[in-house]
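Visitor: You'll find upload03.pdb just under this line, and it carries PDB, C-alpha atoms.
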ATOM      1  CA  MET H   1       0.000   0.000   0.000  1.00  0.00           C
ATOM      2  CA  LYS H   2       1.393   3.374  -1.010  1.00  0.00           C
ATOM      3  CA  ILE H   3       0.815   5.929   1.743  1.00  0.00           C
ATOM      4  CA  GLU H   4       0.917   9.680   1.201  1.00  0.00           C
ATOM      5  CA  VAL H   5       1.060  11.836   4.335  1.00  0.00           C
ATOM      6  CA  TYR H   6      -0.073  15.461   4.341  1.00  0.00           C
ATOM      7  CA  GLY H   7      -0.291  18.150   6.967  1.00  0.00           C
ATOM      8  CA  ARG H   8      -3.064  20.711   6.680  1.00  0.00           C
ATOM      9  CA  LYS H   9      -1.696  23.985   8.069  1.00  0.00           C
ATOM     10  CA  MET H  10       0.883  22.074  10.090  1.00  0.00           C
ATOM     11  CA  GLU H  11       4.247  20.369   9.710  1.00  0.00           C
ATOM     12  CA  VAL H  12       4.200  16.563  10.055  1.00  0.00           C
ATOM     13  CA  SER H  13       7.157  15.211  12.030  1.00  0.00           C
ATOM     14  CA  ASP H  14       9.116  12.208  10.803  1.00  0.00           C
ATOM     15  CA  ALA H  15       8.121  10.214  13.901  1.00  0.00           C
ATOM     16  CA  LEU H  16       4.416  10.938  13.332  1.00  0.00           C
ATOM     17  CA  GLU H  17       4.668  10.004   9.659  1.00  0.00           C
ATOM     18  CA  ALA H  18       6.503   6.756  10.475  1.00  0.00           C
ATOM     19  CA  TYR H  19       3.857   5.856  13.067  1.00  0.00           C
ATOM     20  CA  ALA H  20       1.032   6.499  10.582  1.00  0.00           C
ATOM     21  CA  VAL H  21       2.747   4.440   7.866  1.00  0.00           C
ATOM     22  CA  ARG H  22       3.348   1.557  10.285  1.00  0.00           C
ATOM     23  CA  LYS H  23      -0.308   1.531  11.371  1.00  0.00           C
ATOM     24  CA  MET H  24      -1.626   1.841   7.802  1.00  0.00           C
ATOM     25  CA  GLU H  25       0.499  -1.077   6.629  1.00  0.00           C
ATOM     26  CA  LYS H  26      -1.655  -3.323   8.823  1.00  0.00           C
ATOM     27  CA  LEU H  27      -4.471  -2.689   6.341  1.00  0.00           C
ATOM     28  CA  SER H  28      -2.353  -3.964   3.451  1.00  0.00           C
ATOM     29  CA  LYS H  29      -3.331  -7.535   4.409  1.00  0.00           C
ATOM     30  CA  TYR H  30      -6.691  -6.726   2.804  1.00  0.00           C
ATOM     31  CA  PHE H  31      -5.509  -4.794  -0.225  1.00  0.00           C
ATOM     32  CA  GLY H  32      -1.881  -5.620  -0.964  1.00  0.00           C
ATOM     33  CA  ASP H  33       0.031  -2.928  -2.820  1.00  0.00           C
ATOM     34  CA  GLU H  34      -2.923  -1.769  -4.925  1.00  0.00           C
ATOM     35  CA  PRO H  35      -4.300   1.389  -3.300  1.00  0.00           C
ATOM     36  CA  ALA H  36      -2.675   4.720  -2.615  1.00  0.00           C
ATOM     37  CA  ALA H  37      -3.895   5.969   0.751  1.00  0.00           C
ATOM     38  CA  GLN H  38      -3.926   9.596   1.818  1.00  0.00           C
ATOM     39  CA  VAL H  39      -3.397  10.411   5.494  1.00  0.00           C
ATOM     40  CA  THR H  40      -4.076  14.041   6.364  1.00  0.00           C
ATOM     41  CA  PHE H  41      -3.202  15.588   9.708  1.00  0.00           C
ATOM     42  CA  SER H  42      -4.714  18.816  11.002  1.00  0.00           C
ATOM     43  CA  ILE H  43      -5.306  20.682  14.216  1.00  0.00           C
ATOM     44  CA  GLU H  44      -8.708  22.325  14.545  1.00  0.00           C
ATOM     45  CA  ARG H  45      -9.976  24.089  17.656  1.00  0.00           C
ATOM     46  CA  GLY H  46      -7.345  22.418  19.813  1.00  0.00           C
ATOM     47  CA  MET H  47      -8.296  18.933  18.630  1.00  0.00           C
ATOM     48  CA  GLN H  48      -5.904  16.833  16.583  1.00  0.00           C
ATOM     49  CA  THR H  49      -7.532  15.268  13.556  1.00  0.00           C
ATOM     50  CA  VAL H  50      -6.471  12.435  11.248  1.00  0.00           C
ATOM     51  CA  GLU H  51      -8.312  11.714   7.994  1.00  0.00           C
ATOM     52  CA  ILE H  52      -7.587   8.543   6.032  1.00  0.00           C
ATOM     53  CA  SER H  53      -8.996   7.889   2.576  1.00  0.00           C
ATOM     54  CA  PHE H  54      -8.327   5.523  -0.301  1.00  0.00           C
ATOM     55  CA  GLU H  55     -10.084   3.741  -3.138  1.00  0.00           C
ATOM     56  CA  VAL H  56      -9.883   0.080  -4.163  1.00  0.00           C
ATOM     57  CA  ASN H  57     -11.739  -1.283  -7.191  1.00  0.00           C
ATOM     58  CA  GLY H  58     -14.408   1.408  -7.026  1.00  0.00           C
ATOM     59  CA  MET H  59     -14.931   1.077  -3.258  1.00  0.00           C
ATOM     60  CA  TYR H  60     -14.065   4.155  -1.212  1.00  0.00           C
ATOM     61  CA  PHE H  61     -12.874   3.930   2.366  1.00  0.00           C
ATOM     62  CA  ARG H  62     -12.703   6.972   4.604  1.00  0.00           C
ATOM     63  CA  ALA H  63     -12.271   7.534   8.312  1.00  0.00           C
ATOM     64  CA  GLN H  64     -11.743  10.611  10.425  1.00  0.00           C
ATOM     65  CA  GLU H  65     -10.764  10.623  14.076  1.00  0.00           C
ATOM     66  CA  ARG H  66     -10.454  13.666  16.315  1.00  0.00           C
ATOM     67  CA  THR H  67      -8.840  13.431  19.750  1.00  0.00           C
ATOM     68  CA  SER H  68      -6.484  15.463  21.914  1.00  0.00           C
ATOM     69  CA  ASP H  69      -3.538  13.235  20.869  1.00  0.00           C
ATOM     70  CA  MET H  70      -2.448  12.758  17.255  1.00  0.00           C
ATOM     71  CA  TYR H  71      -1.219   9.198  17.848  1.00  0.00           C
ATOM     72  CA  ALA H  72      -4.572   8.228  19.366  1.00  0.00           C
ATOM     73  CA  SER H  73      -6.286   9.796  16.353  1.00  0.00           C
ATOM     74  CA  ILE H  74      -4.209   7.612  14.022  1.00  0.00           C
ATOM     75  CA  ASP H  75      -5.098   4.496  16.021  1.00  0.00           C
ATOM     76  CA  GLY H  76      -8.792   5.396  15.994  1.00  0.00           C
ATOM     77  CA  ALA H  77      -8.952   6.119  12.270  1.00  0.00           C
ATOM     78  CA  VAL H  78      -7.146   2.899  11.318  1.00  0.00           C
ATOM     79  CA  ALA H  79      -9.398   0.935  13.697  1.00  0.00           C
ATOM     80  CA  SER H  80     -12.448   2.570  12.125  1.00  0.00           C
ATOM     81  CA  ILE H  81     -11.450   1.452   8.620  1.00  0.00           C
ATOM     82  CA  ASP H  82     -10.681  -2.031   9.932  1.00  0.00           C
ATOM     83  CA  ARG H  83     -14.187  -2.156  11.490  1.00  0.00           C
ATOM     84  CA  GLN H  84     -15.737  -1.017   8.197  1.00  0.00           C
ATOM     85  CA  ILE H  85     -13.954  -3.829   6.384  1.00  0.00           C
ATOM     86  CA  GLN H  86     -14.814  -6.469   8.987  1.00  0.00           C
ATOM     87  CA  LYS H  87     -18.472  -5.426   9.156  1.00  0.00           C
ATOM     88  CA  ASN H  88     -18.852  -5.743   5.398  1.00  0.00           C
ATOM     89  CA  LYS H  89     -16.306  -8.489   4.747  1.00  0.00           C
ATOM     90  CA  THR H  90     -18.668 -10.753   2.799  1.00  0.00           C
ATOM     91  CA  LYS H  91     -19.703  -8.053   0.370  1.00  0.00           C
ATOM     92  CA  LEU H  92     -16.204  -6.608   0.104  1.00  0.00           C
ATOM     93  CA  SER H  93     -14.552  -9.962  -0.558  1.00  0.00           C
ATOM     94  CA  LYS H  94     -16.210  -9.974  -3.969  1.00  0.00           C
ATOM     95  CA  ARG H  95     -14.562  -6.665  -4.873  1.00  0.00           C
ATOM     96  CA  ILE H  96     -11.129  -6.785  -3.246  1.00  0.00           C
ATOM     97  CA  ARG H  97      -8.541  -9.495  -2.777  1.00  0.00           C
ATOM     98  CA  GLN H  98     -10.307 -12.803  -2.111  1.00  0.00           C
ATOM     99  CA  GLU H  99      -7.441 -14.433  -0.233  1.00  0.00           C
ATOM    100  CA  SER H 100      -7.198 -11.624   2.314  1.00  0.00           C
ATOM    101  CA  PHE H 101     -10.472 -12.655   3.932  1.00  0.00           C
ATOM    102  CA  ALA H 102      -9.870 -16.404   3.919  1.00  0.00           C
ATOM    103  CA  LYS H 103      -7.445 -16.119   6.859  1.00  0.00           C
ATOM    104  CA  SER H 104      -9.446 -13.696   8.950  1.00  0.00           C
ATOM    105  CA  ILE H 105     -12.995 -15.047   8.582  1.00  0.00           C
ATOM    106  CA  SER H 106     -12.417 -18.029  10.836  1.00  0.00           C
ATOM    107  CA  THR H 107     -10.999 -15.804  13.597  1.00  0.00           C
ATOM    108  CA  MET H 108     -13.791 -13.233  13.455  1.00  0.00           C
ATOM    109  CA  THR H 109     -16.698 -14.062  15.736  1.00  0.00           C
ATOM    110  CA  ASP H 110     -17.637 -10.531  16.809  1.00  0.00           C
ATOM    111  CA  TYR H 111     -18.983  -9.601  13.387  1.00  0.00           C
ATOM    112  CA  HIS H 112     -21.815 -11.191  11.499  1.00  0.00           C
ATOM    113  CA  ASP H 113     -23.083 -10.751   7.999  1.00  0.00           C
ATOM    114  CA  GLU H 114     -25.527  -7.910   7.818  1.00  0.00           C
ATOM    115  CA  GLU H 115     -28.380  -7.953   5.377  1.00  0.00           C
ATOM    116  CA  PHE H 116     -29.417  -4.594   4.018  1.00  0.00           C
ATOM    117  CA  GLU H 117     -33.162  -4.150   4.142  1.00  0.00           C
ATOM    118  CA  LEU H 118     -34.605  -1.456   1.918  1.00  0.00           C
ATOM    119  CA  VAL H 119     -37.505  -0.104   3.959  1.00  0.00           C
ATOM    120  CA  ARG H 120     -38.602   2.791   1.786  1.00  0.00           C
ATOM    121  CA  GLU H 121     -38.403   3.919  -1.793  1.00  0.00           C
ATOM    122  CA  LYS H 122     -39.341   7.419  -2.797  1.00  0.00           C
ATOM    123  CA  VAL H 123     -39.736   8.913  -6.262  1.00  0.00           C
ATOM    124  CA  VAL H 124     -38.699  12.544  -6.412  1.00  0.00           C
ATOM    125  CA  ASP H 125     -39.542  15.166  -8.994  1.00  0.00           C
ATOM    126  CA  MET H 126     -36.228  16.915  -9.575  1.00  0.00           C
ATOM    127  CA  LYS H 127     -36.196  20.394 -10.987  1.00  0.00           C
ATOM    128  CA  PRO H 128     -33.027  22.171 -12.069  1.00  0.00           C
ATOM    129  CA  MET H 129     -31.774  24.562  -9.404  1.00  0.00           C
ATOM    130  CA  THR H 130     -28.607  26.249  -8.232  1.00  0.00           C
ATOM    131  CA  THR H 131     -26.451  24.857  -5.453  1.00  0.00           C
ATOM    132  CA  GLU H 132     -27.547  27.677  -3.135  1.00  0.00           C
ATOM    133  CA  ASP H 133     -31.225  26.917  -3.813  1.00  0.00           C
ATOM    134  CA  ALA H 134     -30.592  23.235  -3.073  1.00  0.00           C
ATOM    135  CA  ILE H 135     -28.935  24.080   0.274  1.00  0.00           C
ATOM    136  CA  LEU H 136     -31.882  26.304   1.136  1.00  0.00           C
ATOM    137  CA  GLN H 137     -34.334  23.533   0.187  1.00  0.00           C
ATOM    138  CA  MET H 138     -32.378  20.981   2.249  1.00  0.00           C
ATOM    139  CA  ASN H 139     -32.465  23.260   5.285  1.00  0.00           C
ATOM    140  CA  LEU H 140     -36.186  23.949   4.841  1.00  0.00           C
ATOM    141  CA  LEU H 141     -36.874  20.202   4.770  1.00  0.00           C
ATOM    142  CA  GLY H 142     -34.612  19.585   7.774  1.00  0.00           C
ATOM    143  CA  HIS H 143     -32.601  16.932   5.923  1.00  0.00           C
ATOM    144  CA  ASN H 144     -28.854  16.255   6.008  1.00  0.00           C
ATOM    145  CA  PHE H 145     -28.636  15.901   2.212  1.00  0.00           C
ATOM    146  CA  PHE H 146     -30.569  16.914  -0.898  1.00  0.00           C
ATOM    147  CA  PHE H 147     -30.466  15.345  -4.383  1.00  0.00           C
ATOM    148  CA  PHE H 148     -31.061  17.717  -7.320  1.00  0.00           C
ATOM    149  CA  ILE H 149     -30.294  18.627 -10.944  1.00  0.00           C
ATOM    150  CA  ASN H 150     -27.529  21.221 -10.753  1.00  0.00           C
ATOM    151  CA  SER H 151     -28.073  24.132 -13.149  1.00  0.00           C
ATOM    152  CA  ASP H 152     -24.667  25.534 -12.077  1.00  0.00           C
ATOM    153  CA  LYS H 153     -22.951  22.381 -13.384  1.00  0.00           C
ATOM    154  CA  GLY H 154     -24.722  21.968 -16.723  1.00  0.00           C
ATOM    155  CA  GLY H 155     -27.649  19.829 -15.556  1.00  0.00           C
ATOM    156  CA  LYS H 156     -25.626  17.140 -13.802  1.00  0.00           C
ATOM    157  CA  ALA H 157     -27.169  15.158 -10.968  1.00  0.00           C
ATOM    158  CA  SER H 158     -25.775  16.450  -7.671  1.00  0.00           C
ATOM    159  CA  VAL H 159     -26.102  16.072  -3.925  1.00  0.00           C
ATOM    160  CA  VAL H 160     -25.534  18.767  -1.318  1.00  0.00           C
ATOM    161  CA  TYR H 161     -24.945  17.594   2.239  1.00  0.00           C
ATOM    162  CA  ARG H 162     -24.249  18.962   5.690  1.00  0.00           C
ATOM    163  CA  ARG H 163     -20.691  18.155   6.848  1.00  0.00           C
ATOM    164  CA  ASN H 164     -20.007  16.957  10.386  1.00  0.00           C
ATOM    165  CA  ALA H 165     -17.203  19.505  10.724  1.00  0.00           C
ATOM    166  CA  GLY H 166     -19.541  22.309   9.682  1.00  0.00           C
ATOM    167  CA  GLY H 167     -20.414  23.800   6.335  1.00  0.00           C
ATOM    168  CA  TYR H 168     -21.753  22.009   3.289  1.00  0.00           C
ATOM    169  CA  GLY H 169     -20.436  19.602   0.696  1.00  0.00           C
ATOM    170  CA  LEU H 170     -21.373  19.044  -2.946  1.00  0.00           C
ATOM    171  CA  LEU H 171     -21.197  15.785  -4.906  1.00  0.00           C
ATOM    172  CA  VAL H 172     -21.474  16.131  -8.703  1.00  0.00           C
ATOM    173  CA  SER H 173     -21.907  13.139 -11.031  1.00  0.00           C
ATOM    174  CA  GLU H 174     -19.459  12.618 -13.879  1.00  0.00           C
ATOM    175  CA  VAL H 175     -21.989  10.998 -16.170  1.00  0.00           C
TER     176      VAL H 175
END
Starting from the file, lay out its structure as structure tokens.

Guide:
Amino acid sequence: MKIEVYGRKMEVSDALEAYAVRKMEKLSKYFGDEPAAQVTFSIERGMQTVEISFEVNGMYFRAQERTSDMYASIDGAVASIDRQIQKNKTKLSKRIRQESFAKSISTMTDYHDEEFELVREKVVDMKPMTTEDAILQMNLLGHNFFFFINSDKGGKASVVYRRNAGGYGLLVSEV
């Protein structure tokens, strides 16, 4: 696994980078050398934050951990990704390295296969609108996200969402 380490408005020490790389290499048992992971360090409001993200065969993995200690944040973020993988190991084994799960399935008794039950389907009438109008509509509905046709982006399907760290995010389709 190739690991890129970044500091957002901070300098990352060699010891911190080495610790992050050593912890991230534990995830390579699932993915081998395929993905390039990004580890981003930042300090916000006195809290030390680590964000880890990478993509494997169209599956995106992301974790963010915020604690008062950067090393604890690294441990928490890596553990979070490991939990994501373990929780969904049956579904993921079809998309990432098959042999990586053969060893660990027999030792995992804490996790069970989860069936996803679709409990509601809703048809929405989407009208073209600007990103600002979509954020306003989302807030009026009291939702955390809103799906719309983005007139700012040439009619592409888009989603605005409320970020945990504050502010809003925008997802725009490529197709």

Visitor: Given the file above and the PyMOL selection byres ((chain H and resi 130) around 7), which residues are selected, and can you give them as a ChimeraX atom specification?

Guide: /H:129,131-134,150-152

Visitor: Mind giving me the straight-line distance from atom CA of H:Met47 to atom CA of H:Asn144 in Å, one decimal?

Guide: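 Result for atom CA of H:Met47 versus atom CA of H:Asn144: 24.3 Å, one decimal.
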
Visitor: Would you pick out the contacts of H:Ile3 at 7 Å or less, using all atoms listed in the file, so that residues sharing its chain but fewer than 4 positions from it are not included, and give the list as a VMD selection string?

Guide: chain H and resid 21 36 to 38

Visitor: Leaving out H:Arg66 and any residue of its chain fewer than 5 positions from it, which residues lie within 12 Å of it when counting all atoms listed in the file, given as a short mmCIF file (atom, residue, chain, number, x, y, z; two decimals) with C-alpha atoms, in the coordinates of the input?

Guide:
data_model
loop_
_atom_site.label_atom_id
_atom_site.label_comp_id
_atom_site.auth_asym_id
_atom_site.auth_seq_id
_atom_site.Cartn_x
_atom_site.Cartn_y
_atom_site.Cartn_z
CA THR H 40 -4.08 14.04 6.36
CA PHE H 41 -3.20 15.59 9.71
CA SER H 42 -4.71 18.82 11.00
CA ILE H 43 -5.31 20.68 14.22
CA GLU H 44 -8.71 22.32 14.54
CA ARG H 45 -9.98 24.09 17.66
CA GLY H 46 -7.34 22.42 19.81
CA MET H 47 -8.30 18.93 18.63
CA GLN H 48 -5.90 16.83 16.58
CA THR H 49 -7.53 15.27 13.56
CA VAL H 50 -6.47 12.44 11.25
CA GLU H 51 -8.31 11.71 7.99
CA ILE H 52 -7.59 8.54 6.03
CA TYR H 71 -1.22 9.20 17.85
CA ALA H 72 -4.57 8.23 19.37
CA SER H 73 -6.29 9.80 16.35
CA ILE H 74 -4.21 7.61 14.02
CA ASP H 75 -5.10 4.50 16.02
CA GLY H 76 -8.79 5.40 15.99
CA ALA H 77 -8.95 6.12 12.27
CA ASN H 164 -20.01 16.96 10.39
CA ALA H 165 -17.20 19.50 10.72
#

Visitor: Set the distance at 7 Å and use all atoms listed in the file: which residues neighbour stretch 80-87 of chain H once local chain neighbours fewer than 2 positions away are removed? I'd like the list as JSON, numbers by chain.

Guide: {"H": [61, 62, 63, 76, 77, 78, 89, 111]}

Visitor: Report as a list in words the residues that result from applying the PyMOL selection byres ((chain H and resi 173) around 9) to the structure here.

Guide: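 Residues picked by the PyMOL selection byres ((chain H and resi 173) around 9): Lys156, Ala157, Ser158, Val159, Leu171, Val172, Glu174 and Val175 of chain H.
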
Visitor: Please report the interatomic distance between atom CA of H:Lys26 and atom CA of H:Glu11 in Å with one decimal.

Guide: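 Atom CA of H:Glu11 lies 24.4 Å from atom CA of H:Lys26.
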
Visitor: Figure out the distance between atom CA of H:Leu141 and atom CA of H:Tyr60, please, to one decimal in Å.

Guide: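 Computing it gives 28.5 Å between the two atoms.
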
Visitor: Please complete stretch 42-55 of chain H with N, CA and C atoms and give it back as a short mmCIF file (atom, residue, chain, number, x, y, z; two decimals), in the coordinates of the input.

Guide:
data_model
loop_
_atom_site.label_atom_id
_atom_site.label_comp_id
_atom_site.auth_asym_id
_atom_site.auth_seq_id
_atom_site.Cartn_x
_atom_site.Cartn_y
_atom_site.Cartn_z
N SER H 42 -4.37 17.41 10.79
CA SER H 42 -4.71 18.82 11.00
C SER H 42 -5.03 19.04 12.47
N ILE H 43 -4.94 20.29 12.86
CA ILE H 43 -5.31 20.68 14.22
C ILE H 43 -6.39 21.73 14.08
N GLU H 44 -7.56 21.43 14.63
CA GLU H 44 -8.71 22.32 14.54
C GLU H 44 -9.28 22.52 15.94
N ARG H 45 -9.38 23.75 16.35
CA ARG H 45 -9.98 24.09 17.66
C ARG H 45 -9.36 23.30 18.80
N GLY H 46 -8.05 23.12 18.75
CA GLY H 46 -7.34 22.42 19.81
C GLY H 46 -7.43 20.91 19.73
N MET H 47 -8.18 20.38 18.79
CA MET H 47 -8.30 18.93 18.63
C MET H 47 -7.42 18.49 17.45
N GLN H 48 -6.81 17.34 17.60
CA GLN H 48 -5.90 16.83 16.58
C GLN H 48 -6.64 15.79 15.75
N THR H 49 -6.70 16.06 14.46
CA THR H 49 -7.53 15.27 13.56
C THR H 49 -6.68 14.51 12.54
N VAL H 50 -7.08 13.26 12.29
CA VAL H 50 -6.47 12.44 11.25
C VAL H 50 -7.58 11.98 10.31
N GLU H 51 -7.38 12.20 9.02
CA GLU H 51 -8.31 11.71 7.99
C GLU H 51 -7.57 10.73 7.11
N ILE H 52 -8.17 9.57 6.89
CA ILE H 52 -7.59 8.54 6.03
C ILE H 52 -8.59 8.26 4.92
N SER H 53 -8.11 8.24 3.69
CA SER H 53 -9.00 7.89 2.58
C SER H 53 -8.21 7.17 1.49
N PHE H 54 -8.90 6.22 0.85
CA PHE H 54 -8.33 5.52 -0.30
C PHE H 54 -9.44 4.81 -1.04
N GLU H 55 -9.12 4.39 -2.27
CA GLU H 55 -10.08 3.74 -3.14
C GLU H 55 -9.49 2.44 -3.66
#
